[in-house]
Every structure is written in C-alpha cells, then in structure tokens.
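Participant: The structure follows.
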Amino acid sequence: MADLEFGGETFDIDEDGFLLGGIEAWNRTWMDYVKSTEGIEEITEEHWKLVNVLQEYFKKNGIAPMVRILSKATGFPLKKVYELFPSGPGKGACKMAGLPKPTGCV
C-alpha cells in the first residue's frame, strides 16, 4: 500500500499501481494519471465507453468481465481494446476504471 500524488490529489494504490478504495475512490484525476502512465494522448469517447462498461459490470458482478464479454458489451474487437489501452484490458483499462487488479484472464 502506497500513496500517490497526482494533480493535487492523493490516491492509495496497491503494489501494482491499482487504486485502492475501488470505484468509490475513482475520479477524473485518476483517469488522467493512468492516461499519463499508459501513453494515452487523449481520453476519447471510446475510452469512456470501456471504462463505463467495466465499472457497470464490476458493480453487478464484483469482478472484471472476461475479454470476450468486454468486447461484446462494447462492440470493440480485442485489437481495438489494445489500441485504446496498449497495456491491455486488465492492466490499462481496469486500472483506469478504478477496478482492482484482475486475478483471472480479462
């Protein structure tokens, strides 16, 4: 557990850099932080769509969706998900959405 300061805010993160406190601790500043670490130039509507789907699924199920469910829910092929989040759906997208580090295959 560590503190991370970014954009005038302090976030509690785990050893892998995922936000502790989950979606309740998540905000736009957190998204901007993840954007800066992921090499994402601009957060687009497509990024928002993925983040919203991840958060909604997590709220209902308590886990991140598997990749095929994520692709089906967003309409994005896996290739597009990796274009939006170069480090992948588990590391980049789940991190940006404020979800805990996935334990399985996301």
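A note on labels: chains of the structure tokens are A, B, ... as shown, every chain counts residues from 1, and ligands are counted from 1 in their shown order.
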Within 12 Å of stretch 72-76 of chain A, which residues of stretch 9-49 of chain A show up? Give each one with its shortest atom-to-atom distance in Å (one decimal) and the two atoms involved, counting only C-alpha atoms, rows by chain then rising residue number, as a tab-separated table.
Facilitator:
residue	atom	partner	partner_atom	distance
A:Glu45	CA	A:Thr74	CA	11.6
A:Glu46	CA	A:Thr74	CA	8.8
A:His47	CA	A:Thr74	CA	10.3
A:Trp48	CA	A:Thr74	CA	10.5
A:Lys49	CA	A:Thr74	CA	6.9
Participant: Write out as a list of chain:residue names the residues lying within 8 Å of stretch 5-17 of chain A, counting only C-alpha atoms and excluding same-chain residues fewer than 2 positions away.
Facilitator: A:Met1, A:Ala2, A:Asp3, A:Leu19, A:Leu20, A:Gly21, A:Ala25, A:Thr29, A:Trp30, A:Tyr33, A:Lys95, A:Lys101
Participant: Show which residues sit within 9 Å of A:Glu38, as a list in words. Count only C-alpha atoms, and ignore same-chain residues fewer than 6 positions away.
Facilitator: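 Within the cut-off, the hits are Phe85, Pro86, Ser87 and Gly92 of chain A.
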Participant: Which residues in chain A does DSSP call helix (DSSP H, G or I)? List them as a PDB file with N, CA and C atoms, in the first residue's frame.
Facilitator:
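Now in result_39.pdb:
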ATOM      1  N   GLY A  22     -11.366   1.289  -4.674  1.00  0.00           N
ATOM      2  CA  GLY A  22     -12.233   0.961  -5.793  1.00  0.00           C
ATOM      3  C   GLY A  22     -12.889   2.144  -6.472  1.00  0.00           C
ATOM      4  N   ILE A  23     -14.029   1.860  -7.035  1.00  0.00           N
ATOM      5  CA  ILE A  23     -14.757   2.841  -7.823  1.00  0.00           C
ATOM      6  C   ILE A  23     -15.132   4.065  -6.979  1.00  0.00           C
ATOM      7  N   GLU A  24     -15.317   3.868  -5.686  1.00  0.00           N
ATOM      8  CA  GLU A  24     -15.667   4.992  -4.813  1.00  0.00           C
ATOM      9  C   GLU A  24     -14.547   6.019  -4.737  1.00  0.00           C
ATOM     10  N   ALA A  25     -13.296   5.577  -4.882  1.00  0.00           N
ATOM     11  CA  ALA A  25     -12.142   6.486  -4.823  1.00  0.00           C
ATOM     12  C   ALA A  25     -11.755   7.011  -6.205  1.00  0.00           C
ATOM     13  N   ARG A  28     -11.887  11.691 -12.224  1.00  0.00           N
ATOM     14  CA  ARG A  28     -11.254  12.101 -13.479  1.00  0.00           C
ATOM     15  C   ARG A  28      -9.742  12.310 -13.304  1.00  0.00           C
ATOM     16  N   THR A  29      -9.326  12.775 -12.151  1.00  0.00           N
ATOM     17  CA  THR A  29      -7.890  12.957 -11.919  1.00  0.00           C
ATOM     18  C   THR A  29      -7.181  11.611 -11.981  1.00  0.00           C
ATOM     19  N   TRP A  30      -7.801  10.579 -11.429  1.00  0.00           N
ATOM     20  CA  TRP A  30      -7.225   9.237 -11.513  1.00  0.00           C
ATOM     21  C   TRP A  30      -7.104   8.804 -12.978  1.00  0.00           C
ATOM     22  N   MET A  31      -8.134   9.064 -13.762  1.00  0.00           N
ATOM     23  CA  MET A  31      -8.086   8.718 -15.188  1.00  0.00           C
ATOM     24  C   MET A  31      -6.930   9.438 -15.876  1.00  0.00           C
ATOM     25  N   ASP A  32      -6.747  10.707 -15.543  1.00  0.00           N
ATOM     26  CA  ASP A  32      -5.648  11.473 -16.137  1.00  0.00           C
ATOM     27  C   ASP A  32      -4.288  10.897 -15.735  1.00  0.00           C
ATOM     28  N   TYR A  33      -4.180  10.434 -14.494  1.00  0.00           N
ATOM     29  CA  TYR A  33      -2.939   9.801 -14.049  1.00  0.00           C
ATOM     30  C   TYR A  33      -2.662   8.535 -14.878  1.00  0.00           C
ATOM     31  N   VAL A  34      -3.657   7.668 -14.984  1.00  0.00           N
ATOM     32  CA  VAL A  34      -3.470   6.424 -15.738  1.00  0.00           C
ATOM     33  C   VAL A  34      -3.163   6.748 -17.200  1.00  0.00           C
ATOM     34  N   LYS A  35      -3.835   7.730 -17.741  1.00  0.00           N
ATOM     35  CA  LYS A  35      -3.572   8.168 -19.119  1.00  0.00           C
ATOM     36  C   LYS A  35      -2.087   8.498 -19.280  1.00  0.00           C
ATOM     37  N   SER A  36      -1.537   9.229 -18.332  1.00  0.00           N
ATOM     38  CA  SER A  36      -0.134   9.649 -18.421  1.00  0.00           C
ATOM     39  C   SER A  36       0.829   8.472 -18.309  1.00  0.00           C
ATOM     40  N   THR A  37       0.458   7.446 -17.571  1.00  0.00           N
ATOM     41  CA  THR A  37       1.346   6.296 -17.405  1.00  0.00           C
ATOM     42  C   THR A  37       1.185   5.271 -18.522  1.00  0.00           C
ATOM     43  N   GLU A  38       0.061   5.308 -19.202  1.00  0.00           N
ATOM     44  CA  GLU A  38      -0.224   4.339 -20.265  1.00  0.00           C
ATOM     45  C   GLU A  38       0.180   4.830 -21.649  1.00  0.00           C
ATOM     46  N   GLU A  45     -14.178   9.237 -26.347  1.00  0.00           N
ATOM     47  CA  GLU A  45     -15.464   8.614 -26.021  1.00  0.00           C
ATOM     48  C   GLU A  45     -15.335   7.097 -25.962  1.00  0.00           C
ATOM     49  N   GLU A  46     -14.445   6.534 -26.777  1.00  0.00           N
ATOM     50  CA  GLU A  46     -14.239   5.085 -26.753  1.00  0.00           C
ATOM     51  C   GLU A  46     -13.603   4.640 -25.435  1.00  0.00           C
ATOM     52  N   HIS A  47     -12.666   5.425 -24.916  1.00  0.00           N
ATOM     53  CA  HIS A  47     -12.102   5.117 -23.591  1.00  0.00           C
ATOM     54  C   HIS A  47     -13.211   5.155 -22.538  1.00  0.00           C
ATOM     55  N   TRP A  48     -14.026   6.200 -22.592  1.00  0.00           N
ATOM     56  CA  TRP A  48     -15.126   6.333 -21.637  1.00  0.00           C
ATOM     57  C   TRP A  48     -16.079   5.147 -21.734  1.00  0.00           C
ATOM     58  N   LYS A  49     -16.366   4.701 -22.948  1.00  0.00           N
ATOM     59  CA  LYS A  49     -17.278   3.566 -23.128  1.00  0.00           C
ATOM     60  C   LYS A  49     -16.723   2.329 -22.432  1.00  0.00           C
ATOM     61  N   LEU A  50     -15.431   2.054 -22.632  1.00  0.00           N
ATOM     62  CA  LEU A  50     -14.810   0.903 -21.971  1.00  0.00           C
ATOM     63  C   LEU A  50     -14.828   1.048 -20.452  1.00  0.00           C
ATOM     64  N   VAL A  51     -14.477   2.220 -19.965  1.00  0.00           N
ATOM     65  CA  VAL A  51     -14.463   2.463 -18.525  1.00  0.00           C
ATOM     66  C   VAL A  51     -15.864   2.257 -17.943  1.00  0.00           C
ATOM     67  N   ASN A  52     -16.873   2.809 -18.588  1.00  0.00           N
ATOM     68  CA  ASN A  52     -18.246   2.679 -18.095  1.00  0.00           C
ATOM     69  C   ASN A  52     -18.714   1.225 -18.085  1.00  0.00           C
ATOM     70  N   VAL A  53     -18.416   0.481 -19.142  1.00  0.00           N
ATOM     71  CA  VAL A  53     -18.795  -0.934 -19.191  1.00  0.00           C
ATOM     72  C   VAL A  53     -18.087  -1.709 -18.088  1.00  0.00           C
ATOM     73  N   LEU A  54     -16.799  -1.464 -17.908  1.00  0.00           N
ATOM     74  CA  LEU A  54     -16.056  -2.148 -16.847  1.00  0.00           C
ATOM     75  C   LEU A  54     -16.642  -1.857 -15.474  1.00  0.00           C
ATOM     76  N   GLN A  55     -16.924  -0.592 -15.211  1.00  0.00           N
ATOM     77  CA  GLN A  55     -17.469  -0.232 -13.904  1.00  0.00           C
ATOM     78  C   GLN A  55     -18.860  -0.821 -13.680  1.00  0.00           C
ATOM     79  N   GLU A  56     -19.706  -0.758 -14.684  1.00  0.00           N
ATOM     80  CA  GLU A  56     -21.060  -1.316 -14.547  1.00  0.00           C
ATOM     81  C   GLU A  56     -20.998  -2.824 -14.303  1.00  0.00           C
ATOM     82  N   TYR A  57     -20.169  -3.517 -15.060  1.00  0.00           N
ATOM     83  CA  TYR A  57     -20.044  -4.967 -14.897  1.00  0.00           C
ATOM     84  C   TYR A  57     -19.511  -5.295 -13.503  1.00  0.00           C
ATOM     85  N   PHE A  58     -18.495  -4.547 -13.070  1.00  0.00           N
ATOM     86  CA  PHE A  58     -17.913  -4.788 -11.759  1.00  0.00           C
ATOM     87  C   PHE A  58     -18.933  -4.560 -10.643  1.00  0.00           C
ATOM     88  N   LYS A  59     -19.724  -3.501 -10.763  1.00  0.00           N
ATOM     89  CA  LYS A  59     -20.744  -3.219  -9.748  1.00  0.00           C
ATOM     90  C   LYS A  59     -21.759  -4.353  -9.644  1.00  0.00           C
ATOM     91  N   LYS A  60     -22.103  -4.962 -10.761  1.00  0.00           N
ATOM     92  CA  LYS A  60     -23.094  -6.048 -10.770  1.00  0.00           C
ATOM     93  C   LYS A  60     -22.508  -7.388 -10.348  1.00  0.00           C
ATOM     94  N   ASN A  61     -21.237  -7.633 -10.714  1.00  0.00           N
ATOM     95  CA  ASN A  61     -20.672  -8.974 -10.561  1.00  0.00           C
ATOM     96  C   ASN A  61     -19.503  -9.090  -9.593  1.00  0.00           C
ATOM     97  N   VAL A  67     -12.479 -10.913 -21.459  1.00  0.00           N
ATOM     98  CA  VAL A  67     -12.272 -10.121 -22.668  1.00  0.00           C
ATOM     99  C   VAL A  67     -13.418 -10.286 -23.662  1.00  0.00           C
ATOM    100  N   ARG A  68     -13.876 -11.483 -23.873  1.00  0.00           N
ATOM    101  CA  ARG A  68     -14.930 -11.667 -24.856  1.00  0.00           C
ATOM    102  C   ARG A  68     -16.230 -10.994 -24.434  1.00  0.00           C
ATOM    103  N   ILE A  69     -16.499 -10.956 -23.137  1.00  0.00           N
ATOM    104  CA  ILE A  69     -17.679 -10.241 -22.638  1.00  0.00           C
ATOM    105  C   ILE A  69     -17.483  -8.741 -22.815  1.00  0.00           C
ATOM    106  N   LEU A  70     -16.287  -8.256 -22.522  1.00  0.00           N
ATOM    107  CA  LEU A  70     -15.977  -6.840 -22.699  1.00  0.00           C
ATOM    108  C   LEU A  70     -16.121  -6.442 -24.163  1.00  0.00           C
ATOM    109  N   SER A  71     -15.606  -7.260 -25.060  1.00  0.00           N
ATOM    110  CA  SER A  71     -15.707  -6.975 -26.492  1.00  0.00           C
ATOM    111  C   SER A  71     -17.164  -6.962 -26.948  1.00  0.00           C
ATOM    112  N   LYS A  72     -17.931  -7.918 -26.469  1.00  0.00           N
ATOM    113  CA  LYS A  72     -19.345  -7.988 -26.854  1.00  0.00           C
ATOM    114  C   LYS A  72     -20.122  -6.787 -26.320  1.00  0.00           C
ATOM    115  N   ALA A  73     -19.864  -6.411 -25.080  1.00  0.00           N
ATOM    116  CA  ALA A  73     -20.600  -5.301 -24.454  1.00  0.00           C
ATOM    117  C   ALA A  73     -20.267  -3.952 -25.081  1.00  0.00           C
ATOM    118  N   THR A  74     -19.032  -3.799 -25.533  1.00  0.00           N
ATOM    119  CA  THR A  74     -18.616  -2.518 -26.118  1.00  0.00           C
ATOM    120  C   THR A  74     -18.749  -2.496 -27.633  1.00  0.00           C
ATOM    121  N   LEU A  78     -10.971  -7.156 -29.855  1.00  0.00           N
ATOM    122  CA  LEU A  78      -9.834  -7.120 -28.934  1.00  0.00           C
ATOM    123  C   LEU A  78      -8.728  -6.203 -29.447  1.00  0.00           C
ATOM    124  N   LYS A  79      -8.513  -6.196 -30.741  1.00  0.00           N
ATOM    125  CA  LYS A  79      -7.486  -5.329 -31.327  1.00  0.00           C
ATOM    126  C   LYS A  79      -7.748  -3.860 -30.976  1.00  0.00           C
ATOM    127  N   LYS A  80      -9.009  -3.444 -31.009  1.00  0.00           N
ATOM    128  CA  LYS A  80      -9.373  -2.058 -30.684  1.00  0.00           C
ATOM    129  C   LYS A  80      -9.115  -1.766 -29.207  1.00  0.00           C
ATOM    130  N   VAL A  81      -9.417  -2.727 -28.345  1.00  0.00           N
ATOM    131  CA  VAL A  81      -9.176  -2.550 -26.910  1.00  0.00           C
ATOM    132  C   VAL A  81      -7.689  -2.287 -26.667  1.00  0.00           C
ATOM    133  N   TYR A  82      -6.835  -3.023 -27.366  1.00  0.00           N
ATOM    134  CA  TYR A  82      -5.387  -2.830 -27.218  1.00  0.00           C
ATOM    135  C   TYR A  82      -4.910  -1.525 -27.858  1.00  0.00           C
ATOM    136  N   GLU A  83      -5.616  -1.050 -28.877  1.00  0.00           N
ATOM    137  CA  GLU A  83      -5.282   0.260 -29.438  1.00  0.00           C
ATOM    138  C   GLU A  83      -5.598   1.359 -28.423  1.00  0.00           C
ATOM    139  N   LEU A  84      -6.699   1.197 -27.714  1.00  0.00           N
ATOM    140  CA  LEU A  84      -7.100   2.188 -26.709  1.00  0.00           C
ATOM    141  C   LEU A  84      -6.248   2.089 -25.453  1.00  0.00           C
ATOM    142  N   GLY A  88      -3.240  -3.344 -22.313  1.00  0.00           N
ATOM    143  CA  GLY A  88      -4.289  -4.352 -22.301  1.00  0.00           C
ATOM    144  C   GLY A  88      -5.479  -4.025 -21.434  1.00  0.00           C
ATOM    145  N   PRO A  89      -6.503  -4.873 -21.553  1.00  0.00           N
ATOM    146  CA  PRO A  89      -7.732  -4.636 -20.798  1.00  0.00           C
ATOM    147  C   PRO A  89      -7.564  -4.815 -19.296  1.00  0.00           C
ATOM    148  N   GLY A  90      -6.705  -5.740 -18.876  1.00  0.00           N
ATOM    149  CA  GLY A  90      -6.520  -5.972 -17.452  1.00  0.00           C
ATOM    150  C   GLY A  90      -5.706  -4.890 -16.784  1.00  0.00           C
ATOM    151  N   LYS A  91      -4.554  -4.619 -17.342  1.00  0.00           N
ATOM    152  CA  LYS A  91      -3.678  -3.640 -16.712  1.00  0.00           C
ATOM    153  C   LYS A  91      -4.143  -2.213 -16.958  1.00  0.00           C
ATOM    154  N   GLY A  92      -4.336  -1.839 -18.202  1.00  0.00           N
ATOM    155  CA  GLY A  92      -4.661  -0.450 -18.520  1.00  0.00           C
ATOM    156  C   GLY A  92      -6.110  -0.066 -18.286  1.00  0.00           C
ATOM    157  N   ALA A  93      -7.021  -0.818 -18.895  1.00  0.00           N
ATOM    158  CA  ALA A  93      -8.437  -0.446 -18.832  1.00  0.00           C
ATOM    159  C   ALA A  93      -9.001  -0.614 -17.420  1.00  0.00           C
ATOM    160  N   CYS A  94      -8.724  -1.728 -16.788  1.00  0.00           N
ATOM    161  CA  CYS A  94      -9.234  -1.936 -15.422  1.00  0.00           C
ATOM    162  C   CYS A  94      -8.631  -0.926 -14.455  1.00  0.00           C
ATOM    163  N   LYS A  95      -7.350  -0.620 -14.652  1.00  0.00           N
ATOM    164  CA  LYS A  95      -6.705   0.372 -13.789  1.00  0.00           C
ATOM    165  C   LYS A  95      -7.377   1.731 -13.966  1.00  0.00           C
ATOM    166  N   MET A  96      -7.611   2.132 -15.220  1.00  0.00           N
ATOM    167  CA  MET A  96      -8.233   3.427 -15.465  1.00  0.00           C
ATOM    168  C   MET A  96      -9.650   3.486 -14.892  1.00  0.00           C
ATOM    169  N   ALA A  97     -10.353   2.360 -14.914  1.00  0.00           N
ATOM    170  CA  ALA A  97     -11.726   2.313 -14.416  1.00  0.00           C
ATOM    171  C   ALA A  97     -11.805   2.275 -12.895  1.00  0.00           C
TER     172      ALA A  97
END
Participant: If you run DSSP on this backbone, which residues of chain A come out as strand (DSSP E), and could you give them as a VMD selection string?
Facilitator: chain A and resid 2 to 6 9 to 13
Participant: Please produce a file of those selected residues containing C-alpha atoms, as a CSV table (one decimal), in the first residue's frame.
Facilitator:
chain,number,residue,atom,x,y,z
A,2,ALA,CA,1.4,3.4,-1.0
A,3,ASP,CA,0.3,6.9,-1.6
A,4,LEU,CA,0.4,8.5,-5.0
A,5,GLU,CA,0.1,12.2,-5.5
A,6,PHE,CA,-1.1,13.5,-8.9
A,9,GLU,CA,-4.8,14.7,-5.1
A,10,THR,CA,-3.6,11.8,-3.2
A,11,PHE,CA,-4.5,8.2,-4.1
A,12,ASP,CA,-4.0,5.0,-2.2
A,13,ILE,CA,-2.6,2.4,-4.5
Participant: What does the structure give for the distance between atom CA of A:Ile43 and atom CA of A:Pro77, in Å to one decimal?
Facilitator: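 Answer for the atom CA of A:Ile43 to atom CA of A:Pro77 separation: 18.5 Å.
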